[in-house]
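> Structure provided below as structure tokens; questions to follow.
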Amino acid sequence: MAMVNTVLGPISTDELGPTLIHEHLLLAYPGWECDALAVPYDREAIAMACVEALERAKAYGMRTMVDATPIDLGRDVELQKQVSERAGINIICATGLYMEAMGKPAYFKFRSQAFDVSIEMYEIFMKEITQGIGDTGVKAGVIKVATGHGEISAYEEMVLKAAARAQKDTGTPIITHTEEGTMGPEQAALLISEGAAPERIVIGHIGGNANLQYHISILEKGVYIAFDRLGLEFMFPDTLRKACIIGLVSIGYADRIMLSHDYCGDYSVCWQGRPFEVPDFAKPLFANWSYAHVFKDIIPALKEAGVSDDKIDTMMVQNPRRLFSGE
Ligand SMILES: [Zn+2]
């Protein structure tokens, strides 16, 4: 029986159920702690907001979320444990590092003057996967990697290579961040050339463009792709994302597509720093963004367009199960 590490311990991949492959509980861009006017970190307030938001999705049948927050974006394992327990939702947490422009590359750049940092990153990912994160006892269940817009920097290449090696040794799936879907084929090619298995890779944020030819060029590498910013219409319209999903499913790719939101809690509480208020003009573009949107709005729309219950089950349940089982 294939097992997967959640923040509350290992469970069978058969127990995952409907799964959101790329979400967040909190968002803390490096540097927020330098803002003298930032609201102090309040784990209890964040936990309450997350539990409330997850309960709304749970009412639609959601059972599991992957918290795709890498080490350097404020990942808080104690928060993940508390939220998982209180919401009754499986949470799979990530090891891995964010893209160079928005992550924390300074320490690794400093060390790279004298050491092979890609090996050190590999050792970090292996420690968090096999022994646990810090002294929490929680083992990472996925490796998160990220690249910039239209390029993979030398730093990001080191992260991807380290992730591929850790995956080769442990089987742990890799989920990626692309900037608006760019560099998807290049990410897949690099990871695979370093020994990662295509059926254990999810190329993310593909719904940042509606270029089917491009989507198919990624799928042809045998990896999964994720339309994982549904509801985040500030970046791209759901109408075009839905058209892409319906089109790709209709030509036989349901077994390689996953759906999610890249949602991050209540942004007035879960985004670290100064209180965040969306300006009025942008509010409609965030209105549908939640952990529940796929279940509440997207799946009914796909069904309306003729996507079968079977294919919905493939995308929401079977694909995550197979990703973590390595089938
Ligand atoms: Zn994300």
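Here, A, B, ... name the chains of the structure tokens in the order displayed, residue numbers run from 1 inside each chain, and ligands are numbered from 1 in the same displayed order.
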For Ile152 of chain A, list every protein, DNA or RNA residue within 12 Å, evaluated using only C-alpha atoms, and leave out those in the same chain fewer than 6 positions away; present the list as a PyMOL selection string.
chain A and resi 99-101+145-146+158-161+177-179+182-190
> Which residues are near ligand 1 in this structure, taking near to mean any atom at most 12 Å from a ligand atom and counting only C-alpha atoms and all ligand atoms? Format them as a PyMOL selection string.
chain A and resi 20-29+66-70+73+75+94+97-99+144-146+175-180+203-205+226-230+232+260-265
> To test your reading of the structure, identify every residue in segment 42-291 of chain A that backbone DSSP assigns to strand (DSSP E), and report it as a count of residues only.
30
> List as an mmCIF file with C-alpha atoms, in the first residue's frame the protein and nucleic acid residues near segment 83-92 of chain A, meaning an atom at most 9 Å away when only C-alpha atoms are counted, but skip any in the same chain fewer than 4 places from it.

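Result file follows (out07.cif):
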data_model
loop_
_atom_site.group_PDB
_atom_site.id
_atom_site.type_symbol
_atom_site.label_atom_id
_atom_site.label_comp_id
_atom_site.auth_asym_id
_atom_site.auth_seq_id
_atom_site.Cartn_x
_atom_site.Cartn_y
_atom_site.Cartn_z
ATOM 1 C CA VAL A 4 2.125 9.676 1.747
ATOM 2 C CA ASN A 5 3.437 11.936 4.527
ATOM 3 C CA THR A 6 0.892 14.432 5.819
ATOM 4 C CA VAL A 7 1.607 16.921 8.600
ATOM 5 C CA LEU A 8 -0.174 14.550 11.023
ATOM 6 C CA LEU A 16 -6.457 11.330 -0.009
ATOM 7 C CA THR A 19 -7.308 16.923 -3.403
ATOM 8 C CA LEU A 25 -2.145 28.685 4.451
ATOM 9 C CA ALA A 47 -5.151 29.299 12.018
ATOM 10 C CA MET A 48 -8.706 30.469 12.692
ATOM 11 C CA CYS A 50 -7.566 29.022 7.516
ATOM 12 C CA VAL A 51 -9.859 26.598 9.341
ATOM 13 C CA GLU A 52 -12.896 28.695 8.477
ATOM 14 C CA LEU A 54 -11.110 25.169 4.601
ATOM 15 C CA GLU A 55 -14.388 24.205 6.241
ATOM 16 C CA LYS A 58 -14.777 20.614 3.050
ATOM 17 C CA MET A 62 -12.573 18.417 -0.311
ATOM 18 C CA ARG A 63 -10.383 16.116 1.805
ATOM 19 C CA THR A 64 -6.736 17.030 1.175
ATOM 20 C CA MET A 65 -4.636 20.065 0.318
ATOM 21 C CA VAL A 66 -1.012 20.355 -0.630
ATOM 22 C CA ASP A 67 0.463 23.423 1.071
ATOM 23 C CA ALA A 68 2.904 24.426 -1.651
ATOM 24 C CA GLU A 78 3.083 24.081 13.623
ATOM 25 C CA LEU A 79 0.374 26.127 11.896
ATOM 26 C CA LYS A 139 8.062 14.992 7.058
ATOM 27 C CA ALA A 140 7.673 16.884 3.791
ATOM 28 C CA GLY A 141 5.440 15.138 1.258
ATOM 29 C CA VAL A 142 6.319 17.198 -1.827
#
> Based on the backbone DSSP call, show me all residues of segment 153-295 of chain A assigned alpha helix (DSSP H), as an NGL selection string.
:A and (154-170 or 184-193 or 212-219 or 238-250 or 267-270 or 293)
> Given the choices A:Lys221, A:Arg56, A:Arg321, A:Arg43, which gets closest to Trp271 of chain A if the distance is worked out from only C-alpha atoms?
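Checking each candidate against Trp271 of chain A, we get A:Arg43 as the closest.
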> Counting only C-alpha atoms, which residue out of A:Ile124, A:Ala59, A:Ile245, A:Cys270 sits closest to Ala45 of chain A?
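When distances to Ala45 of chain A are compared using only C-alpha atoms, the smallest one comes from A:Cys270.
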> Please provide as an mmCIF file with N, CA, C and O atoms, in the first residue's frame all residues within 10 Å of Val278 of chain A, with the sequence filter that same-chain residues fewer than 6 positions apart are discarded (counting only C-alpha atoms).

data_model
loop_
_atom_site.group_PDB
_atom_site.id
_atom_site.type_symbol
_atom_site.label_atom_id
_atom_site.label_comp_id
_atom_site.auth_asym_id
_atom_site.auth_seq_id
_atom_site.Cartn_x
_atom_site.Cartn_y
_atom_site.Cartn_z
ATOM 1 N N TYR A 267 -6.706 37.329 3.027
ATOM 2 C CA TYR A 267 -5.483 38.130 2.842
ATOM 3 C C TYR A 267 -5.307 39.233 3.864
ATOM 4 O O TYR A 267 -4.213 39.749 4.027
ATOM 5 N N SER A 268 -6.362 39.573 4.607
ATOM 6 C CA SER A 268 -6.168 40.581 5.645
ATOM 7 C C SER A 268 -5.446 39.984 6.858
ATOM 8 O O SER A 268 -4.926 40.712 7.692
ATOM 9 N N PRO A 284 -13.576 42.650 -7.829
ATOM 10 C CA PRO A 284 -14.274 41.598 -8.595
ATOM 11 C C PRO A 284 -13.314 40.522 -9.120
ATOM 12 O O PRO A 284 -13.716 39.379 -9.332
ATOM 13 N N LEU A 285 -12.048 40.886 -9.299
ATOM 14 C CA LEU A 285 -11.073 39.938 -9.862
ATOM 15 C C LEU A 285 -10.553 38.954 -8.811
ATOM 16 O O LEU A 285 -9.820 38.023 -9.115
ATOM 17 N N PHE A 286 -10.915 39.191 -7.545
ATOM 18 C CA PHE A 286 -10.566 38.263 -6.462
ATOM 19 C C PHE A 286 -11.816 37.592 -5.868
ATOM 20 O O PHE A 286 -11.701 36.754 -4.993
#
> Can you list, as a list in words, every protein, DNA or RNA residue that comes within 8 Å of Ala254 of chain A when you count only C-alpha atoms, leaving out same-chain residues fewer than 2 positions away?
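Residues near the query, excluding close chain neighbours: Leu248, Val249, Ser250, Gly252, Arg256, Ile257, Lys311, Ile312, Thr314 and Met315 of chain A.
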> Compare A:Gly207, A:Pro173, A:Gly17, A:Gly273 by their minimum atom-to-atom distance to Cys93 of chain A, counting only C-alpha atoms, and give me the closest one.
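The closest residue to Cys93 of chain A is A:Pro173.
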> Excluding Ala301 of chain A and residues on its chain fewer than 6 positions from it, collect all residues at most 10 Å away from it, counting only C-alpha atoms, and give them as a VMD selection string.
chain A and resid 242 246 294 to 295 307
> Using only C-alpha atoms for the distances, tell me which of A:Ala243, A:Ile71, A:Glu233, A:Gln131 is nearest to Asn288 of chain A.
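Looking only at the distances to Asn288 of chain A, the closest residue turns out to be A:Glu233.
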